[in-house]
file final29.txt (compact mmCIF, C-alpha atoms)
# COMPACT_ATOMS: atom_id res chain seq x y z
CA MET A 1 -20.20 14.71 -11.40
CA MET A 2 -18.56 14.70 -7.98
CA ASP A 3 -15.23 16.11 -9.16
CA ARG A 4 -15.22 19.67 -10.49
CA ILE A 5 -11.70 19.32 -11.94
CA TYR A 6 -12.71 16.22 -13.87
CA LEU A 7 -15.83 18.03 -15.10
CA ILE A 8 -13.73 20.97 -16.32
CA ASN A 9 -11.34 18.61 -18.08
CA SER A 10 -14.32 16.84 -19.67
CA TRP A 11 -15.91 20.06 -20.92
CA PRO A 12 -14.42 19.95 -24.46
CA PHE A 13 -15.64 16.37 -24.85
CA LEU A 14 -19.16 17.26 -23.64
CA LEU A 15 -19.29 20.40 -25.77
CA GLY A 16 -18.30 18.55 -28.93
CA LYS A 17 -20.87 15.77 -28.46
CA ILE A 18 -23.72 18.17 -27.59
CA ARG A 19 -22.78 20.30 -30.58
CA GLY A 20 -23.12 17.16 -32.71
CA ILE A 21 -26.63 16.50 -31.35
CA ILE A 22 -27.62 20.14 -32.05
CA ASP A 23 -26.24 19.98 -35.60
CA GLU A 24 -28.16 16.78 -36.25
CA LEU A 25 -31.44 18.34 -35.03
CA GLN A 26 -30.84 21.47 -37.08
CA GLY A 27 -30.06 19.37 -40.13
CA LYS A 28 -33.34 17.46 -39.82
CA ALA A 29 -35.30 20.66 -39.24
CA LEU A 30 -33.66 22.29 -42.25
CA LYS A 31 -34.70 19.43 -44.50
CA VAL A 32 -38.30 19.72 -43.26
CA PHE A 33 -38.24 23.49 -43.79
CA GLU A 34 -36.93 23.17 -47.33
CA ALA A 35 -39.53 20.54 -48.16
CA GLU A 36 -42.37 22.67 -46.75
CA GLN A 37 -41.03 25.81 -48.41
CA PHE A 38 -41.01 24.03 -51.74
CA GLY A 39 -44.55 22.67 -51.31
CA CYS A 40 -46.20 25.58 -49.47
CA PRO A 41 -44.34 28.90 -49.46
CA GLN A 42 -46.73 30.63 -47.01
CA ARG A 43 -45.06 30.31 -43.56
CA ALA A 44 -48.10 31.50 -41.58
CA GLN A 45 -50.30 28.98 -43.27
CA ARG A 46 -47.80 26.21 -42.53
CA MET A 47 -47.66 27.10 -38.86
CA ASN A 48 -51.47 27.27 -38.54
CA THR A 49 -51.95 23.89 -40.15
CA ALA A 50 -49.45 22.37 -37.75
CA PHE A 51 -51.10 23.91 -34.67
CA THR A 52 -50.97 21.75 -31.55
CA PRO A 53 -53.25 22.83 -28.70
CA PHE A 54 -50.95 21.72 -25.85
CA LEU A 55 -48.18 24.18 -26.82
CA HIS A 56 -48.19 27.84 -25.89
CA GLN A 57 -48.41 30.60 -28.46
CA ARG A 58 -46.04 33.49 -29.13
CA ASN A 59 -46.91 36.64 -30.97
CA GLY A 60 -50.19 35.08 -31.98
CA ASN A 61 -48.44 32.18 -33.77
CA ALA A 62 -48.58 28.64 -32.48
CA ALA A 63 -45.17 27.05 -31.59
CA ARG A 64 -44.42 23.75 -33.27
CA SER A 65 -43.20 20.68 -31.43
CA LEU A 66 -39.69 19.33 -32.01
CA THR A 67 -41.03 16.16 -33.57
CA SER A 68 -43.02 18.29 -36.01
CA LEU A 69 -40.02 20.46 -36.88
CA THR A 70 -37.81 17.44 -37.58
CA SER A 71 -40.54 15.11 -38.83
CA ASP A 72 -39.11 12.34 -36.65
CA ASP A 73 -41.55 10.34 -34.51
CA ASN A 74 -38.68 8.56 -32.68
CA LEU A 75 -36.89 11.81 -31.84
CA TRP A 76 -37.34 11.64 -28.06
CA ALA A 77 -36.13 8.06 -27.86
CA CYS A 78 -33.06 9.00 -29.93
CA LEU A 79 -32.35 12.01 -27.72
CA HIS A 80 -32.70 9.95 -24.55
CA THR A 81 -30.32 7.32 -25.97
CA SER A 82 -27.79 10.01 -26.96
CA PHE A 83 -27.86 11.67 -23.54
CA ALA A 84 -27.56 8.34 -21.71
CA TRP A 85 -24.56 7.37 -23.88
CA LEU A 86 -23.03 10.80 -23.28
CA LEU A 87 -23.18 10.37 -19.48
CA LYS A 88 -21.69 6.89 -19.65
CA ALA A 89 -18.97 7.82 -22.13
CA CYS A 90 -17.95 10.89 -20.15
CA GLY A 91 -17.67 8.88 -16.97
CA SER A 92 -15.51 6.18 -18.52
CA ARG A 93 -13.54 8.38 -20.91
CA LEU A 94 -10.73 9.04 -18.43
CA THR A 95 -9.40 6.43 -16.06
CA GLU A 96 -7.33 7.09 -12.95
CA LYS A 97 -3.75 5.88 -13.05
CA LEU A 98 -1.64 5.42 -9.93
CA LEU A 99 1.52 7.51 -10.12
CA GLU A 100 4.17 6.42 -7.62
CA GLY A 101 6.25 9.56 -7.98
CA ALA A 102 10.03 9.66 -7.84
CA PRO A 103 11.79 6.33 -7.16
CA THR A 104 12.99 5.74 -3.62
CA GLU A 105 16.64 5.42 -2.69
CA ASP A 106 16.22 1.66 -2.27
CA THR A 107 14.87 1.41 -5.82
CA LEU A 108 17.74 3.49 -7.22
CA VAL A 109 20.35 1.38 -5.39
CA GLN A 110 18.76 -1.84 -6.62
CA MET A 111 18.76 -0.53 -10.19
CA GLU A 112 22.44 0.43 -9.89
CA LYS A 113 23.36 -3.00 -8.51
CA LEU A 114 21.46 -4.66 -11.34
CA ALA A 115 23.29 -2.51 -13.90
CA ASP A 116 26.64 -3.41 -12.30
CA LEU A 117 25.79 -7.11 -12.47
CA GLU A 118 24.86 -6.81 -16.13
CA GLU A 119 28.12 -5.01 -16.95
CA GLU A 120 30.08 -7.63 -15.01
CA SER A 121 28.37 -10.48 -16.82
CA GLU A 122 29.03 -8.83 -20.20
CA SER A 123 32.71 -8.40 -19.37
CA TRP A 124 32.92 -12.05 -18.31
CA ASP A 125 31.27 -13.14 -21.54
CA ASN A 126 33.71 -11.06 -23.59
CA SER A 127 36.74 -12.37 -21.72
CA GLU A 128 35.56 -15.97 -22.11
CA ALA A 129 35.06 -15.44 -25.83
CA GLU A 130 38.60 -14.04 -26.16
CA GLU A 131 40.04 -16.97 -24.19
CA GLU A 132 38.25 -19.45 -26.43
CA GLU A 133 39.75 -17.79 -29.50
CA LYS A 134 43.24 -17.86 -28.00
CA ALA A 135 42.95 -21.35 -26.49
CA PRO A 136 45.37 -23.88 -28.07
CA VAL A 137 44.10 -27.12 -29.52
CA LEU A 138 44.34 -29.80 -26.82
CA PRO A 139 45.55 -33.33 -27.45
CA GLU A 140 43.04 -36.13 -27.32
CA GLY A 141 43.86 -37.19 -23.78
CA ALA A 142 43.89 -33.70 -22.32
CA GLU A 143 40.28 -33.01 -23.27
CA GLY A 144 39.05 -35.80 -21.06
CA GLN A 145 41.18 -34.54 -18.17
CA GLU A 146 39.66 -31.06 -18.42
CA LEU A 147 36.16 -32.49 -18.45
CA THR A 148 36.79 -34.31 -15.21
CA LYS A 149 37.72 -31.02 -13.50
CA CYS A 150 34.61 -29.15 -14.58
CA PRO A 151 32.14 -30.61 -12.04
CA THR A 152 34.24 -29.53 -9.03
CA ASP A 153 34.71 -25.99 -10.36
CA PHE A 154 31.00 -25.73 -11.09
CA SER A 155 30.08 -26.84 -7.61
CA LEU A 156 32.33 -24.17 -6.15
CA HIS A 157 30.53 -21.53 -8.17
CA LEU A 158 27.23 -22.83 -6.85
CA ASP A 159 28.43 -22.50 -3.25
CA CYS A 160 30.01 -19.07 -3.65
CA GLY A 161 27.61 -17.49 -6.11
CA ASN A 162 24.71 -15.20 -5.48
CA TRP A 163 23.03 -16.02 -2.21
CA GLN A 164 19.33 -16.72 -2.58
CA PRO A 165 17.08 -16.96 0.47
CA ARG A 166 15.86 -20.45 1.26
CA LYS A 167 12.20 -21.35 1.26
CA LEU A 168 12.45 -22.30 4.92
CA SER A 169 12.04 -19.14 6.99
CA VAL A 170 12.98 -19.85 10.58
CA PHE A 171 12.38 -16.27 11.72
CA LYS A 172 9.05 -15.05 10.41
CA SER A 173 9.22 -11.34 11.25
CA LEU A 174 10.87 -8.76 13.50
CA ARG A 175 8.13 -9.31 16.06
CA HIS A 176 8.81 -13.03 16.01
CA MET A 177 12.55 -12.45 16.46
CA ARG A 178 11.89 -10.12 19.38
CA GLN A 179 9.74 -12.76 21.06
CA VAL A 180 12.42 -15.42 20.61
CA LEU A 181 15.46 -13.37 21.64
CA GLY A 182 13.73 -11.39 24.38
CA ALA A 183 13.21 -7.64 24.47
CA PRO A 184 16.64 -6.62 25.95
CA SER A 185 18.67 -8.81 23.59
CA PHE A 186 16.62 -7.75 20.58
CA ARG A 187 17.06 -4.06 21.44
CA MET A 188 20.83 -4.52 21.70
CA LEU A 189 20.92 -6.35 18.36
CA ALA A 190 18.67 -3.81 16.62
CA TRP A 191 20.74 -0.91 17.98
CA HIS A 192 23.93 -2.34 16.46
CA VAL A 193 22.16 -3.01 13.15
CA LEU A 194 20.90 0.58 12.88
CA MET A 195 24.27 2.03 13.86
CA GLY A 196 26.06 0.09 11.11
CA ASN A 197 28.11 -2.10 13.44
CA GLN A 198 29.07 -5.61 12.40
CA VAL A 199 26.47 -8.24 13.29
CA ILE A 200 27.91 -11.75 13.61
CA TRP A 201 25.82 -14.91 13.90
CA LYS A 202 27.46 -18.20 14.82
CA SER A 203 25.41 -21.32 14.22
CA ARG A 204 25.52 -24.77 12.67
CA ASP A 205 22.20 -24.07 10.96
CA ALA A 206 22.84 -21.97 7.87
CA ASP A 207 19.10 -21.62 7.23
CA LEU A 208 18.67 -20.04 10.65
CA VAL A 209 21.40 -17.47 9.96
CA GLN A 210 20.04 -16.64 6.53
CA SER A 211 16.51 -16.14 7.81
CA ALA A 212 17.83 -13.88 10.58
CA PHE A 213 19.68 -11.71 8.07
CA GLU A 214 16.62 -11.55 5.82
CA ILE A 215 14.64 -10.13 8.73
CA LEU A 216 17.32 -7.79 10.10
CA ARG A 217 18.14 -6.25 6.72
CA THR A 218 14.62 -4.81 6.52
CA MET A 219 15.62 -2.26 9.16
CA LEU A 220 18.23 -0.70 6.87
CA PRO A 221 18.25 0.98 3.46
CA VAL A 222 19.31 -1.36 0.68
CA GLY A 223 22.54 0.57 0.10
CA CYS A 224 23.67 -0.03 3.70
CA VAL A 225 23.37 -3.83 3.55
CA ARG A 226 26.49 -5.96 2.91
CA ILE A 227 25.96 -9.64 3.68
CA ILE A 228 28.25 -12.65 3.77
CA PRO A 229 25.66 -15.28 4.65
CA TYR A 230 27.91 -18.10 5.80
CA SER A 231 31.66 -18.37 5.97
CA ASN A 232 34.33 -20.64 7.42
CA GLN A 233 36.57 -17.71 8.31
CA TYR A 234 36.13 -14.30 9.87
CA GLU A 235 35.68 -11.37 7.47
CA GLU A 236 36.55 -7.79 8.35
CA ALA A 237 33.83 -5.24 9.05
CA TYR A 238 34.63 -3.17 5.95
CA ARG A 239 33.58 -6.14 3.81
CA CYS A 240 30.27 -6.88 5.49
CA ASN A 241 28.02 -5.69 8.29
CA PHE A 242 26.16 -9.03 8.40
CA LEU A 243 28.39 -12.10 8.79
CA GLY A 244 27.36 -15.70 9.32
CA LEU A 245 29.96 -18.08 10.75
CA SER A 246 30.14 -21.74 11.59
CA PRO A 247 30.64 -22.48 15.31
CA HIS A 248 34.31 -23.55 15.06
CA VAL A 249 35.46 -20.22 13.56
CA GLN A 250 37.54 -18.15 15.95
CA ILE A 251 36.60 -14.47 16.16
CA PRO A 252 39.55 -12.13 16.88
CA SER A 253 39.69 -10.88 20.45
CA HIS A 254 39.69 -7.23 19.41
CA VAL A 255 36.36 -7.83 17.64
CA LEU A 256 34.82 -9.54 20.67
CA SER A 257 35.79 -6.60 22.89
CA SER A 258 34.88 -3.95 20.32
CA GLU A 259 31.94 -1.64 20.78
CA PHE A 260 31.35 -1.78 17.04
CA ALA A 261 30.34 -5.43 16.87
CA VAL A 262 27.67 -7.72 18.29
CA VAL A 263 27.81 -11.52 18.34
CA VAL A 264 24.81 -13.83 18.43
CA GLU A 265 25.81 -17.37 19.38
CA VAL A 266 23.27 -20.11 18.74
CA HIS A 267 23.61 -23.14 21.01
CA THR A 268 21.62 -26.31 21.28
CA ALA A 269 19.19 -25.91 24.15
CA THR A 270 19.59 -28.28 27.09
CA ARG A 271 15.84 -28.26 27.72
CA SER A 272 13.10 -27.77 25.17
CA SER A 273 11.25 -25.68 27.70
CA LEU A 274 13.53 -22.75 26.99
CA HIS A 275 11.33 -21.93 24.00
CA PRO A 276 7.95 -23.60 24.43
CA VAL A 277 6.52 -25.11 21.31
CA GLY A 278 3.08 -23.60 21.71
CA CYS A 279 3.09 -22.05 18.25
CA GLU A 280 3.98 -23.63 14.95
CA ASP A 281 6.36 -20.78 14.14
CA ASP A 282 8.51 -21.59 17.19
CA GLN A 283 8.83 -25.32 16.55
CA SER A 284 12.07 -24.96 14.60
CA LEU A 285 13.52 -22.71 17.34
CA SER A 286 12.65 -24.81 20.36
CA LYS A 287 15.97 -26.64 20.10
CA TYR A 288 18.07 -23.44 20.23
CA GLU A 289 19.08 -20.87 22.78
CA PHE A 290 20.51 -17.50 21.75
CA VAL A 291 23.27 -15.56 23.52
CA VAL A 292 23.75 -11.95 22.40
CA THR A 293 27.01 -10.30 23.51
CA SER A 294 28.87 -7.12 22.67
CA GLY A 295 31.85 -5.13 23.87
CA SER A 296 29.48 -2.19 24.36
CA PRO A 297 26.12 -3.46 25.60
CA VAL A 298 23.27 -1.01 25.21
CA ALA A 299 22.17 0.29 28.59
CA ALA A 300 18.54 -0.27 29.42
CA ASP A 301 18.04 3.40 30.29
CA ARG A 302 19.69 4.65 27.09
CA VAL A 303 17.34 6.66 24.89
CA GLY A 304 18.65 5.19 21.64
CA PRO A 305 17.84 6.36 18.12
CA THR A 306 14.35 7.68 17.53
CA ILE A 307 13.60 5.16 14.79
CA LEU A 308 14.40 2.27 17.16
CA ASN A 309 11.99 3.55 19.79
CA LYS A 310 9.21 3.99 17.23
CA MET A 311 9.91 0.57 15.78
CA GLU A 312 9.70 -1.10 19.19
CA ALA A 313 6.45 0.74 19.90
CA ALA A 314 4.99 -0.72 16.72
CA LEU A 315 6.28 -4.22 17.50
CA THR A 316 4.79 -4.20 21.00
CA ASN A 317 1.41 -2.95 19.77
CA GLN A 318 -0.55 -6.18 19.35
CA ASN A 319 -3.34 -4.33 17.56
CA LEU A 320 -1.04 -3.94 14.56
CA SER A 321 -0.63 -6.92 12.28
CA VAL A 322 2.74 -7.98 10.88
CA ASP A 323 1.94 -6.42 7.50
CA VAL A 324 1.03 -3.11 9.11
CA VAL A 325 4.28 -3.15 11.13
CA ASP A 326 6.21 -3.73 7.91
CA GLN A 327 4.55 -0.70 6.31
CA CYS A 328 5.32 1.38 9.42
CA LEU A 329 8.98 0.41 9.07
CA VAL A 330 8.98 1.41 5.39
CA CYS A 331 7.56 4.82 6.30
CA LEU A 332 10.11 5.29 9.08
CA LYS A 333 12.98 4.46 6.74
CA GLU A 334 11.70 6.89 4.13
CA GLU A 335 11.35 9.62 6.77
CA TRP A 336 14.93 9.21 7.95
CA MET A 337 16.34 8.81 4.45
CA ASN A 338 14.87 12.23 3.66
CA LYS A 339 16.74 13.61 6.66
CA VAL A 340 19.90 11.90 5.39
CA LYS A 341 19.49 13.62 2.01
CA VAL A 342 19.12 17.03 3.65
CA LEU A 343 22.20 16.45 5.83
CA PHE A 344 24.24 15.20 2.86
CA LYS A 345 23.47 18.25 0.76
CA PHE A 346 24.06 20.57 3.72
CA THR A 347 27.44 19.14 4.74
CA LYS A 348 28.96 17.48 1.66
CA VAL A 349 27.64 19.66 -1.16
CA ASP A 350 27.15 23.09 0.42
CA SER A 351 30.04 22.66 2.92
CA ARG A 352 28.31 24.52 5.72
CA PRO A 353 30.15 25.17 9.03
CA LYS A 354 29.76 22.90 12.02
CA GLU A 355 27.59 25.37 13.93
CA ASP A 356 25.03 25.48 11.13
CA THR A 357 25.05 21.69 10.99
CA GLN A 358 24.16 21.49 14.67
CA LYS A 359 21.25 23.86 14.10
CA LEU A 360 20.07 21.74 11.18
CA LEU A 361 20.20 18.56 13.27
CA SER A 362 18.08 20.25 15.94
CA ILE A 363 15.53 21.27 13.32
CA LEU A 364 15.45 17.70 11.97
CA GLY A 365 14.97 16.31 15.47
CA ALA A 366 18.20 14.32 15.26
CA SER A 367 20.61 16.17 17.53
CA GLU A 368 21.10 13.19 19.88
CA GLU A 369 24.33 11.22 19.55
CA ASP A 370 22.71 7.98 18.38
CA ASN A 371 20.62 9.81 15.77
CA VAL A 372 23.72 11.56 14.40
CA LYS A 373 25.58 8.25 14.13
CA LEU A 374 22.60 6.70 12.37
CA LEU A 375 22.39 9.55 9.84
CA LYS A 376 26.11 9.32 9.06
CA PHE A 377 25.90 5.57 8.52
CA TRP A 378 22.77 5.77 6.40
CA MET A 379 24.48 8.43 4.30
CA THR A 380 26.68 5.65 2.91
CA GLY A 381 23.53 4.03 1.51
CA LEU A 382 22.63 6.94 -0.76
CA SER A 383 22.56 6.03 -4.42
CA LYS A 384 25.25 7.15 -6.85
CA THR A 385 22.50 8.65 -8.99
CA TYR A 386 21.38 11.00 -6.22
CA LYS A 387 24.93 12.05 -5.31
CA SER A 388 25.95 12.71 -8.90
CA HIS A 389 22.71 14.66 -9.47
CA LEU A 390 23.46 16.95 -6.54
CA MET A 391 27.06 17.48 -7.62
CA SER A 392 26.10 18.25 -11.21
CA THR A 393 23.44 20.70 -10.02
CA VAL A 394 25.94 22.58 -7.88
CA ARG A 395 28.58 22.71 -10.60
CA SER A 396 26.19 23.80 -13.36
CA PRO A 397 26.48 27.44 -14.52
CA THR A 398 22.85 28.25 -13.76
CA ALA A 399 23.20 27.06 -10.17
CA SER A 400 26.39 29.04 -9.58
CA ALA A 401 24.87 32.17 -11.15
CA SER A 402 21.79 31.97 -8.97
call {"tool": "encode", "arguments": {"input": "final29.txt", "output": "structure tokens"}}
result
Amino acid sequence: MMDRIYLINSWPFLLGKIRGIIDELQGKALKVFEAEQFGCPQRAQRMNTAFTPFLHQRNGNAARSLTSLTSDDNLWACLHTSFAWLLKACGSRLTEKLLEGAPTEDTLVQMEKLADLEEESESWDNSEAEEEEKAPVLPEGAEGQELTKCPTDFSLHLDCGNWQPRKLSVFKSLRHMRQVLGAPSFRMLAWHVLMGNQVIWKSRDADLVQSAFEILRTMLPVGCVRIIPYSNQYEEAYRCNFLGLSPHVQIPSHVLSSEFAVVVEVHTATRSSLHPVGCEDDQSLSKYEFVVTSGSPVAADRVGPTILNKMEAALTNQNLSVDVVDQCLVCLKEEWMNKVKVLFKFTKVDSRPKEDTQKLLSILGASEEDNVKLLKFWMTGLSKTYKSHLMSTVRSPTASAS
């Protein structure tokens, strides 16, 4: 075997099976001995009559072969079969199982959201059942009137219900979006996304806005994403950090001049040459031009958060496929979420002084201003399960005693 640990774990299995083979051989030999003892009690005479010239002798007595001792002509074939089965059975006795370890923060947040939806649906079902019990009996004409109202109410629920991504994906990936918007505009947009600022897209094409949000949300932890995919009125930043608007919606002036918001306006291109249709992925975007504006544009010489720089390095590396870039982004998010957990416990749970916090940020490699802002924003995406676990650990008697 190649694995010593697996061999050690398999030792009881091997020992038991080999012990069974030995017991079987001894049992056969014992039967032969008893039969010979009953027929011919003289041991020396028995051994001399069973002398085989190809075996060595000990103490002047000839050793007997195993087939002679067990009186089994097929003994060697049976032993070979047993040993071959033993090797095969030991190799396939244990199978490796992939253990993913503790769930990630994104998984915990998704589980919490699913539990909240289930509780909400149960409460709605209970309230509807109570209303049906309390509902008065309607006259014959009123029932028909209520039925005529149902289709309009149902259609409203379809429009305002859970937003599901469309099958049409206008933006294919972050790399594709960067190619379409251009490197400076994409960097500005990505900076605002990572900092938690409000990202507003204005377009007539709802599919375009939805596909953009599906791509941009991959840069953030699940708990930091709040999307209103398409609205006919402006929504405040505390309600959503991704907002899709139709072109005629007026954005308040304080939002347009704010450093905490970025607006992407999608216009119909005057010339199709703005985005050449050399690739099939860009065919749906050849009719658009994109204008990215913000009250606080990101300077070209600004260092920016570390995760943004690493992400851009992966996007510009043409040797990396889109799938590999996605996995790089997952690893980067996990790395920085671990830093967020350390900072949360250090500041919120342990209540350390500001000087110690600065030292911690230097150790984490996140002492720059943009990195600190990113950590504080991502802290809002921590799951309730993780926060409550930390609080309960601190308040437990064993923790306080230690």
call {"tool": "atom_distance", "arguments": {"input": "final29.txt", "atom1": "CA of Ala84 in chain A", "atom2": "CA of Ile5 in chain A"}}
result
21.6 Å
call {"tool": "atom_distance", "arguments": {"input": "final29.txt", "atom1": "CA of Leu361 in chain A", "atom2": "CA of Tyr238 in chain A"}}
result
27.1 Å
call {"tool": "atom_distance", "arguments": {"input": "final29.txt", "atom1": "CA of Trp336 in chain A", "atom2": "CA of Val180 in chain A"}}
result
27.8 Å
call {"tool": "closest_residue", "arguments": {"input": "final29.txt", "among": "A:Ser362, A:Asn317, A:Ser294, A:Thr218", "to": "Asp106 in chain A", "atoms": "only C-alpha atoms"}}
result
A:Thr218
call {"tool": "closest_residue", "arguments": {"input": "final29.txt", "among": "A:Lys348, A:Lys384, A:Lys113, A:Arg187", "to": "Ala313 in chain A", "atoms": "only C-alpha atoms"}}
result
A:Arg187
call {"tool": "closest_residue", "arguments": {"input": "final29.txt", "among": "A:Ser321, A:Ser246, A:Gln110, A:Thr81", "to": "Val225 in chain A", "atoms": "all atoms listed in the file"}}
result
A:Gln110
call {"tool": "closest_residue", "arguments": {"input": "final29.txt", "among": "A:Val322, A:Phe33, A:Leu14, A:Val262", "to": "Leu174 in chain A", "atoms": "only C-alpha atoms"}}
result
A:Val322
call {"tool": "closest_residue", "arguments": {"input": "final29.txt", "among": "A:Pro103, A:Gly381, A:Gly244, A:Pro252", "to": "Val222 in chain A", "atoms": "only C-alpha atoms"}}
result
A:Gly381
call {"tool": "residues_near_point", "arguments": {"input": "final29.txt", "point": "(26.7, 0.7, 5.1)", "cutoff": "8 Å", "atoms": "all atoms listed in the file", "output": "list of chain:residue names"}}
result
A:Gly196, A:Gly223, A:Cys224, A:Val225, A:Arg226, A:Asn241, A:Phe377, A:Trp378, A:Thr380, A:Gly381
call {"tool": "axis_aligned_box", "arguments": {"input": "final29.txt", "around": "range 295-310 of chain A", "padding_each_side": "3 Å", "output": "lines of an AutoDock Vina configuration file"}}
result
center_x = 20.5
center_y = 1.3
center_z = 22.5
size_x = 28.6
size_y = 18.8
size_z = 21.5
call {"tool": "closest_residue", "arguments": {"input": "final29.txt", "among": "A:Met195, A:Asp356, A:Gln327, A:Val349", "to": "Glu369 in chain A", "atoms": "only C-alpha atoms"}}
result
A:Met195
call {"tool": "residues_around", "arguments": {"input": "final29.txt", "residues": "Lys333 in chain A", "least_positions_apart": "3", "cutoff": "9 Å", "atoms": "all atoms listed in the file", "output": "MDAnalysis selection string"}}
result
chainID A and resid 219:221 307 328:330 336:338
